[in-house]
Amino acid sequence: MDGEVVSTASADGGSDEVGRSISHEVVGDFLDANVEEEEDSSVAYLDNKMQLRDLLDISQVLSEAGSAIIDDSFTRCFKSNAPEPWNWNIYLFPLWALGVVFRYFVLFPIRAILLALGWVIFLGLFFPLHMALKNHDHTRRQIERGLVEFICSVFVASWTGVIRYHGPRPSRRPKQVFVANHTSMIDFVILEQMTAFAVIMQKHPGWVGFLQTTVLESLGCIWFNRTEANDRHAVALKLKKHIEDPDANPLLIFPEGTCVNNEYTVMFKKGAFELDCTVCPIAIKYNKIFVDAFWNSKKQSFTMHLMRLMTSWAVVCDVWYLEPQTIKPGETPIEFSERVRDLICLRAGIKKVPWDGYLKYHRPSPKLTEKKQQNFSEAVIRRLQSRNEGQ
Amino acid sequence: MGNSSSLLTQYDLEDLQNHCSHLYSQREIIALYERFCQLDRTGKGFISADEFMGVPEFAVNPLCQRLLKMLEGLNFKEFIALLSAFSARATRDDKLKFIFRVYDTDGNGKVTSSDMLQVLRDLSGSFLTDEQRQSVLTQALEQSGYTVDSALTLQDFKKVLGKADLKMDVEVPVD
């Protein structure tokens with residue numbers, strides 16, 4: 001099962017965007033470095049000609065491939081962090097074992113009951129009110145907003161969430177969009193318990209999907225299917241409409257489009273940054289002291305992920321609401337998104353990688369390979385010319 | 001996953017070290033084993049072409065198809081033996097042998113000009129014409145005293161690349 005809360009990209013189709021900023025980041029830097037080297041060496045052999053040695057020496061390209069196999073920054077983004085073993089010690093082990101018993105047989109049942117009660121209250125109020133207040137849109141929205149915030153705080157309580165919020169709380173006003181880094185669907189729950197956001201998400205199967213179509217609909221959430229280009233277009237239109245509405249819930253987008261392990265951020269999709277409105281960054285950093293909050297959706301269903309959180313001591317997390325940013329004159333949406341990403345990374349202390357998170361689902365665009373080939377070819381042609389001039 | 005290193009016994013490690021001519025330390029082998037298990041998502045004991053191509057940094061490499069043929073389906077022993085050419089402890093000869101193998105696709109111990117042209121084609125794609133590639137290669141070969149018809153042996157290779165500054169050391173991250 002895959003599917004997390006995801007952001008939409010713009011309507012321009014996926015493959016083009018895949019690896020867009022790779023080309024001007026890592027690969028760009030890397031090629032720049034390469035070109036410089038080439039130029040250095042061509043200075044050294046300036047009066048010389050294309051040597052067989054230079055033509056046959058593919059060590060640079062091979063070592064790039066070697067380092068990609070031995071360790072690559074993309075796979076690192078989606079690696080679950082193994083818990084630090086600390087309990088393998090004769091003194092600590094009994095304590096740890098006691099802890100396990102307590103967590104699974106005392107804490108977990110209490111939390112499960114709490115969560116169940118929360119749901120009963122929530123569903124018991126939500127649907128009747130939803131029906132009863134059909135013609136009172138404003139009141140209904142307000143009550144539903146409160147109810148969703150309530151159920152989210154029940155969720156947070158069910159993992160004993162210790163969450164510190166820093167900075168001013170988001171307010172409701174038109175022409176603003178909130179963007180946050182994404183680790184798990186619980187990001188959404190954590191943010192939602194403070195402010196009822198409308199979120200853009202991937203369509204989910206199962207019980208999460210049911211909630212999407214019933215409860216979250218009322219918040220103005222927008223969902224789509226990551227792999228369908230038509231959906232992207234429809235979402236872009238809905239987005240535009242949503243941000244113009246002053247009474248709508250503030251819009252939250254996870255521009256990475258996929259869950260990352262909270263040690264890295266992948267490229268931000270530019271969709272959120274070309275809406276021509278204020279972007280309010282939110283940085284979320286989990287403390288892995290008790291449990292790793294990363295949802296590895298390829299390995300674990302969301303229910304199992306929640307179970308893991310509910311059997312841990314606590315989920316410790318910091319949330320920073322950062323200063324709103326607007327696009328600067330002359331700045332492209334891509335540059336703008338990178339600037340916002342820098343702010344989030346800096347605040348949360350996570351590292352940037354230049355990859356598109358959707359590379360989990362597709363192959364990188366051949367343009368990147370072509371760029372490398374072009375650089376190589378240009379260097380060869382330069383040498384050829386200098387040789388011909390030398391003659 | 002974190003405990004996959006414990007699946008390797010001391011015997012295994014020594015055996016593996018012999019297999020890669022002691023070019024990797026035991027810690028590096030453990031790190032490489034974890035990496036191998038990570039790439040081999042379904043735990044079948046080898047890494048498929050598809051899994052290699054799932055690493056974007058690898059998939060954008062112009063030589064990836066050529067390397068895939070060497071890497072695909074290797075078990076862990078063969079995998080580290082192959083990668084050991086990238087170790088900082090590997091000698092120049094080890095590295096040159098590896099480069100030679102990349103050129104010598106049919107494995108007959110000879111690199112012909114068509115082998116070299118194919119690598120050039122991988123590296124330059126559509127940005128050089130066949131004629132350009134041909135003329136660059138002919139010039140370069142003639143300069144070093146070979147002709148288009150000569151086939152380079154490993155010895156020739158060592159002579160030609162003798163002074164080249166090979167950049168082929170890849171560090172294995174150990175924690």
# chains A, B, ... in the order shown; residues from 1 in each chain; ligands from 1
call {"tool": "closest_atom_pairs", "arguments": {"of": "chain A", "to": "chain B", "cutoff": "9 Å", "atoms": "only C-alpha atoms", "output": "CSV"}}
result
residue,atom,partner,partner_atom,distance
A:Lys49,CA,B:Ala140,CA,8.0
A:Met50,CA,B:Ala140,CA,5.9
A:Gln51,CA,B:Ala140,CA,5.3
A:Leu52,CA,B:Ala140,CA,4.6
A:Arg53,CA,B:Leu161,CA,5.2
A:Asp54,CA,B:Ala164,CA,7.4
A:Leu55,CA,B:Ala140,CA,7.7
A:Leu56,CA,B:Leu161,CA,7.6
A:Asp57,CA,B:Leu161,CA,7.0
A:Ile58,CA,B:Ile99,CA,7.3
A:Ser59,CA,B:Met168,CA,5.5
A:Gln60,CA,B:Lys167,CA,5.6
A:Val61,CA,B:Asn61,CA,7.3
A:Leu62,CA,B:Met168,CA,7.0
A:Ser63,CA,B:Met168,CA,4.9
A:Glu64,CA,B:Asn61,CA,7.5
A:Ala65,CA,B:Phe58,CA,5.4
A:Gly66,CA,B:Val170,CA,6.8
A:Ser67,CA,B:Val170,CA,5.8
A:Ala68,CA,B:Phe58,CA,5.3
A:Ile69,CA,B:Phe58,CA,6.8
A:Ile70,CA,B:Val172,CA,6.6
A:Asp71,CA,B:Arg35,CA,7.4
A:Asp72,CA,B:Glu57,CA,6.8
A:Ser73,CA,B:Glu57,CA,8.2
A:Phe74,CA,B:Val55,CA,7.0
A:Thr75,CA,B:Val55,CA,7.0
A:Lys79,CA,B:Gln38,CA,8.9
A:Asn81,CA,B:Gly2,CA,8.3
A:Ala82,CA,B:Gly2,CA,5.6
A:Pro83,CA,B:Gly2,CA,8.2
A:Trp355,CA,B:Pro56,CA,8.2
A:Leu359,CA,B:Pro56,CA,7.2
A:Lys360,CA,B:Gly54,CA,7.5
A:Tyr361,CA,B:Gly54,CA,8.9
A:His362,CA,B:Gly54,CA,8.3
A:Arg363,CA,B:Gly54,CA,7.0
A:Pro364,CA,B:Pro56,CA,6.1
A:Ser365,CA,B:Val60,CA,8.1
A:Pro366,CA,B:Val60,CA,7.1
A:Lys367,CA,B:Val60,CA,8.7
A:Leu368,CA,B:Val60,CA,6.1
A:Thr369,CA,B:Val60,CA,4.9
A:Glu370,CA,B:Gly125,CA,7.0
A:Lys372,CA,B:Pro62,CA,7.3
A:Gln373,CA,B:Ser124,CA,4.3
A:Gln374,CA,B:Phe127,CA,5.7
A:Asn375,CA,B:Ser124,CA,8.2
A:Phe376,CA,B:Ser124,CA,6.1
A:Ser377,CA,B:Ser124,CA,5.3
A:Glu378,CA,B:Phe127,CA,8.1
A:Val380,CA,B:Val136,CA,8.0
A:Ile381,CA,B:Leu128,CA,8.4
A:Leu384,CA,B:Val136,CA,7.3
call {"tool": "select_by_dssp", "arguments": {"residues": "chain B", "states": "helix (DSSP H, G or I)", "output": "PyMOL selection string"}}
result
chain B and resi 4-7+10-19+26-39+49-53+56-59+64-71+76-86+92-103+113-127+130-143+154-160
call {"tool": "residues_around", "arguments": {"residues": "stretch 230-246 of chain A", "least_positions_apart": "4", "cutoff": "6 Å", "atoms": "only C-alpha atoms", "output": "ChimeraX atom specification"}}
result
/A:11,173-175,224
call {"tool": "write_last_selection", "arguments": {"atoms": "C-alpha atoms", "output": "tab-separated table (two decimals), in the first residue's frame"}}
result
chain	number	residue	atom	x	y	z
A	11	ALA	CA	-0.85	20.50	-14.01
A	173	ARG	CA	-7.34	34.65	5.66
A	174	PRO	CA	-7.42	34.44	1.90
A	175	LYS	CA	-4.39	34.14	-0.33
A	224	PHE	CA	-6.22	13.29	-6.01
call {"tool": "residues_around", "arguments": {"residues": "A:Phe197", "least_positions_apart": "6", "cutoff": "12 Å", "atoms": "only C-alpha atoms", "output": "number ranges by chain"}}
result
A: 144-146, 148-149, 152, 169-173, 176-179, 187-191, 216-222, 242, 247-254
call {"tool": "write_last_selection", "arguments": {"atoms": "N, CA and C atoms", "output": "CSV table (one decimal), in the first residue's frame"}}
result
chain,number,residue,atom,x,y,z
A,144,GLU,N,-18.0,21.7,12.8
A,144,GLU,CA,-17.2,20.6,12.3
A,144,GLU,C,-15.7,20.8,12.4
A,145,ARG,N,-15.3,22.0,12.3
A,145,ARG,CA,-13.9,22.4,12.5
A,145,ARG,C,-13.5,22.0,13.9
A,146,GLY,N,-14.3,22.4,14.9
A,146,GLY,CA,-14.1,22.1,16.3
A,146,GLY,C,-14.0,20.6,16.5
A,148,VAL,N,-13.2,18.2,14.3
A,148,VAL,CA,-12.0,17.6,13.7
A,148,VAL,C,-10.8,17.9,14.6
A,149,GLU,N,-10.8,19.1,15.1
A,149,GLU,CA,-9.7,19.4,16.0
A,149,GLU,C,-9.7,18.5,17.3
A,152,CYS,N,-8.5,15.0,16.4
A,152,CYS,CA,-7.1,15.0,16.2
A,152,CYS,C,-6.3,15.1,17.6
A,169,ARG,N,0.2,31.1,16.0
A,169,ARG,CA,-0.7,30.2,15.4
A,169,ARG,C,-1.2,30.7,14.0
A,170,PRO,N,-1.5,29.8,13.1
A,170,PRO,CA,-2.0,30.2,11.8
A,170,PRO,C,-3.3,30.9,11.9
A,171,SER,N,-3.6,31.9,11.1
A,171,SER,CA,-4.9,32.5,11.1
A,171,SER,C,-5.6,32.2,9.8
A,172,ARG,N,-6.9,32.5,9.8
A,172,ARG,CA,-7.6,32.2,8.5
A,172,ARG,C,-7.7,33.5,7.7
A,173,ARG,N,-7.2,33.5,6.6
A,173,ARG,CA,-7.3,34.6,5.7
A,173,ARG,C,-7.1,34.2,4.2
A,176,GLN,N,-3.3,32.7,1.2
A,176,GLN,CA,-2.1,32.2,1.9
A,176,GLN,C,-2.2,30.7,1.9
A,177,VAL,N,-1.0,30.1,1.9
A,177,VAL,CA,-0.9,28.6,1.9
A,177,VAL,C,0.2,28.2,2.8
A,178,PHE,N,-0.1,27.1,3.6
A,178,PHE,CA,0.9,26.6,4.5
A,178,PHE,C,1.7,25.4,3.9
A,179,VAL,N,3.0,25.4,4.0
A,179,VAL,CA,3.7,24.3,3.5
A,179,VAL,C,4.6,23.7,4.7
A,187,ASP,N,1.8,13.9,10.8
A,187,ASP,CA,2.0,15.4,10.7
A,187,ASP,C,0.7,16.1,10.6
A,188,PHE,N,-0.1,15.6,9.7
A,188,PHE,CA,-1.4,16.2,9.5
A,188,PHE,C,-2.2,16.3,10.8
A,189,VAL,N,-2.2,15.2,11.5
A,189,VAL,CA,-3.0,15.1,12.8
A,189,VAL,C,-2.5,16.1,13.8
A,190,ILE,N,-1.1,16.2,13.8
A,190,ILE,CA,-0.5,17.1,14.8
A,190,ILE,C,-0.8,18.6,14.5
A,191,LEU,N,-0.8,18.9,13.2
A,191,LEU,CA,-1.1,20.3,12.8
A,191,LEU,C,-2.6,20.6,12.9
A,216,LEU,N,-13.4,14.6,6.1
A,216,LEU,CA,-12.4,15.7,5.6
A,216,LEU,C,-13.0,16.5,4.5
A,217,GLU,N,-13.9,15.9,3.8
A,217,GLU,CA,-14.6,16.7,2.8
A,217,GLU,C,-15.1,18.0,3.3
A,218,SER,N,-15.7,17.9,4.6
A,218,SER,CA,-16.3,19.1,5.2
A,218,SER,C,-15.2,20.2,5.5
A,219,LEU,N,-14.0,19.8,5.6
A,219,LEU,CA,-13.0,20.8,5.8
A,219,LEU,C,-12.5,21.5,4.6
A,220,GLY,N,-13.0,21.0,3.4
A,220,GLY,CA,-12.5,21.5,2.2
A,220,GLY,C,-11.2,20.9,1.7
A,221,CYS,N,-10.9,19.7,2.2
A,221,CYS,CA,-9.7,19.0,1.8
A,221,CYS,C,-9.9,18.6,0.3
A,222,ILE,N,-8.8,18.5,-0.4
A,222,ILE,CA,-8.8,18.2,-1.8
A,222,ILE,C,-7.9,16.9,-2.0
A,242,HIS,N,-10.0,27.6,-3.9
A,242,HIS,CA,-10.0,27.5,-2.4
A,242,HIS,C,-9.3,28.8,-1.8
A,247,ASP,N,-13.5,32.5,3.8
A,247,ASP,CA,-14.1,31.7,4.9
A,247,ASP,C,-13.5,30.3,4.9
A,248,ALA,N,-12.8,29.9,3.9
A,248,ALA,CA,-12.3,28.6,3.8
A,248,ALA,C,-11.2,28.3,4.8
A,249,ASN,N,-11.0,27.1,5.2
A,249,ASN,CA,-9.9,26.8,6.1
A,249,ASN,C,-8.6,27.0,5.5
A,250,PRO,N,-7.6,27.4,6.3
A,250,PRO,CA,-6.3,27.6,5.7
A,250,PRO,C,-5.8,26.3,5.0
A,251,LEU,N,-5.1,26.5,3.9
A,251,LEU,CA,-4.7,25.4,3.1
A,251,LEU,C,-3.3,24.9,3.5
A,252,LEU,N,-3.2,23.6,3.6
A,252,LEU,CA,-1.9,23.0,4.0
A,252,LEU,C,-1.5,22.1,2.9
A,253,ILE,N,-0.2,22.3,2.5
A,253,ILE,CA,0.3,21.4,1.4
A,253,ILE,C,1.7,20.8,1.9
A,254,PHE,N,1.8,19.5,1.7
A,254,PHE,CA,3.1,18.9,1.9
A,254,PHE,C,3.8,18.8,0.6
call {"tool": "closest_residue", "arguments": {"among": "A:Gln202, A:Arg111, A:Trp86, A:Thr213", "to": "A:Asn225", "atoms": "only C-alpha atoms"}}
result
A:Gln202
call {"tool": "residues_around", "arguments": {"residues": "B:Leu82", "least_positions_apart": "4", "cutoff": "9 Å", "atoms": "only C-alpha atoms", "output": "PyMOL selection string"}}
result
chain B and resi 20+70-71+77-78+86+98
call {"tool": "select_by_dssp", "arguments": {"residues": "stretch 141-389 of chain A", "states": "strand (DSSP E)", "output": "PyMOL selection string"}}
result
chain A and resi 161-166+176-180+198-202+222-224+251-253+264-265+278-287+315-321+351-352
call {"tool": "write_last_selection", "arguments": {"atoms": "N, CA and C atoms", "output": "short mmCIF file (atom, residue, chain, number, x, y, z; two decimals), in the first residue's frame"}}
result
data_model
loop_
_atom_site.label_atom_id
_atom_site.label_comp_id
_atom_site.auth_asym_id
_atom_site.auth_seq_id
_atom_site.Cartn_x
_atom_site.Cartn_y
_atom_site.Cartn_z
N GLY A 161 1.38 12.29 22.69
CA GLY A 161 2.18 13.24 21.92
C GLY A 161 2.66 14.37 22.81
N VAL A 162 3.96 14.55 22.84
CA VAL A 162 4.52 15.69 23.56
C VAL A 162 4.96 16.67 22.48
N ILE A 163 4.09 17.61 22.19
CA ILE A 163 4.34 18.45 21.02
C ILE A 163 4.48 19.90 21.43
N ARG A 164 5.59 20.48 21.05
CA ARG A 164 5.80 21.90 21.36
C ARG A 164 5.58 22.71 20.08
N TYR A 165 4.68 23.66 20.18
CA TYR A 165 4.42 24.52 19.03
C TYR A 165 5.15 25.84 19.27
N HIS A 166 5.92 26.28 18.31
CA HIS A 166 6.64 27.54 18.44
C HIS A 166 6.11 28.51 17.39
N GLN A 176 -3.32 32.69 1.24
CA GLN A 176 -2.14 32.17 1.92
C GLN A 176 -2.18 30.66 1.86
N VAL A 177 -1.00 30.06 1.88
CA VAL A 177 -0.93 28.61 1.85
C VAL A 177 0.20 28.18 2.80
N PHE A 178 -0.06 27.11 3.55
CA PHE A 178 0.94 26.62 4.49
C PHE A 178 1.66 25.43 3.89
N VAL A 179 2.97 25.41 4.02
CA VAL A 179 3.71 24.26 3.52
C VAL A 179 4.56 23.69 4.65
N ALA A 180 4.62 22.37 4.73
CA ALA A 180 5.39 21.73 5.80
C ALA A 180 6.15 20.55 5.24
N ALA A 198 -7.29 22.78 5.64
CA ALA A 198 -7.72 21.96 4.51
C ALA A 198 -6.44 21.45 3.88
N VAL A 199 -6.39 20.17 3.60
CA VAL A 199 -5.13 19.62 3.13
C VAL A 199 -5.33 18.99 1.75
N ILE A 200 -4.23 18.91 1.03
CA ILE A 200 -4.28 18.26 -0.28
C ILE A 200 -3.66 16.91 -0.11
N MET A 201 -4.35 15.87 -0.43
CA MET A 201 -3.80 14.55 -0.16
C MET A 201 -4.04 13.54 -1.26
N GLN A 202 -3.22 12.52 -1.18
CA GLN A 202 -3.37 11.37 -2.05
C GLN A 202 -4.63 10.62 -1.64
N ILE A 222 -8.76 18.51 -0.38
CA ILE A 222 -8.77 18.18 -1.80
C ILE A 222 -7.91 16.94 -1.97
N TRP A 223 -8.41 15.92 -2.63
CA TRP A 223 -7.52 14.78 -2.85
C TRP A 223 -7.47 14.38 -4.29
N PHE A 224 -6.48 13.62 -4.61
CA PHE A 224 -6.22 13.29 -6.01
C PHE A 224 -5.40 12.03 -6.04
N LEU A 251 -5.11 26.54 3.89
CA LEU A 251 -4.71 25.41 3.06
C LEU A 251 -3.33 24.91 3.48
N LEU A 252 -3.20 23.61 3.63
CA LEU A 252 -1.92 23.01 4.01
C LEU A 252 -1.45 22.08 2.90
N ILE A 253 -0.21 22.27 2.49
CA ILE A 253 0.34 21.42 1.44
C ILE A 253 1.65 20.82 1.93
N TYR A 264 16.07 14.14 6.16
CA TYR A 264 16.33 14.79 4.87
C TYR A 264 15.05 15.43 4.37
N THR A 265 15.18 16.35 3.41
CA THR A 265 14.00 16.78 2.67
C THR A 265 14.28 16.54 1.20
N THR A 278 0.80 34.20 -0.34
CA THR A 278 1.81 34.12 0.72
C THR A 278 2.03 32.67 1.13
N VAL A 279 3.27 32.28 1.27
CA VAL A 279 3.58 30.91 1.70
C VAL A 279 4.07 30.95 3.13
N CYS A 280 3.37 30.22 4.03
CA CYS A 280 3.78 30.19 5.42
C CYS A 280 4.44 28.84 5.69
N PRO A 281 5.75 28.82 5.89
CA PRO A 281 6.43 27.54 6.10
C PRO A 281 6.20 27.01 7.52
N ILE A 282 6.07 25.71 7.62
CA ILE A 282 5.99 25.06 8.93
C ILE A 282 7.08 23.99 8.95
N ALA A 283 7.92 24.02 9.99
CA ALA A 283 8.96 23.01 10.11
C ALA A 283 8.56 22.03 11.20
N ILE A 284 8.67 20.73 10.91
CA ILE A 284 8.30 19.72 11.89
C ILE A 284 9.50 18.82 12.12
N LYS A 285 9.90 18.69 13.36
CA LYS A 285 11.03 17.81 13.66
C LYS A 285 10.65 16.86 14.78
N TYR A 286 10.77 15.56 14.52
CA TYR A 286 10.46 14.56 15.53
C TYR A 286 11.72 14.21 16.30
N ASN A 287 11.53 13.95 17.57
CA ASN A 287 12.63 13.46 18.38
C ASN A 287 12.50 11.95 18.43
N VAL A 315 5.41 10.25 21.64
CA VAL A 315 5.90 10.83 20.38
C VAL A 315 6.30 12.26 20.70
N VAL A 316 7.57 12.55 20.56
CA VAL A 316 8.06 13.88 20.93
C VAL A 316 8.35 14.66 19.66
N CYS A 317 7.84 15.87 19.61
CA CYS A 317 7.90 16.58 18.34
C CYS A 317 7.89 18.09 18.56
N ASP A 318 8.62 18.79 17.71
CA ASP A 318 8.61 20.25 17.72
C ASP A 318 8.00 20.74 16.42
N VAL A 319 7.15 21.75 16.54
CA VAL A 319 6.56 22.35 15.34
C VAL A 319 6.87 23.84 15.37
N TRP A 320 7.44 24.34 14.30
CA TRP A 320 7.71 25.77 14.22
C TRP A 320 6.87 26.39 13.11
N TYR A 321 6.10 27.41 13.45
CA TYR A 321 5.42 28.19 12.42
C TYR A 321 6.37 29.32 12.06
N LYS A 351 18.60 17.73 6.45
CA LYS A 351 19.45 18.00 5.30
C LYS A 351 18.64 17.99 4.00
N LYS A 352 19.17 18.73 3.04
CA LYS A 352 18.49 18.81 1.74
C LYS A 352 19.09 17.80 0.78
#
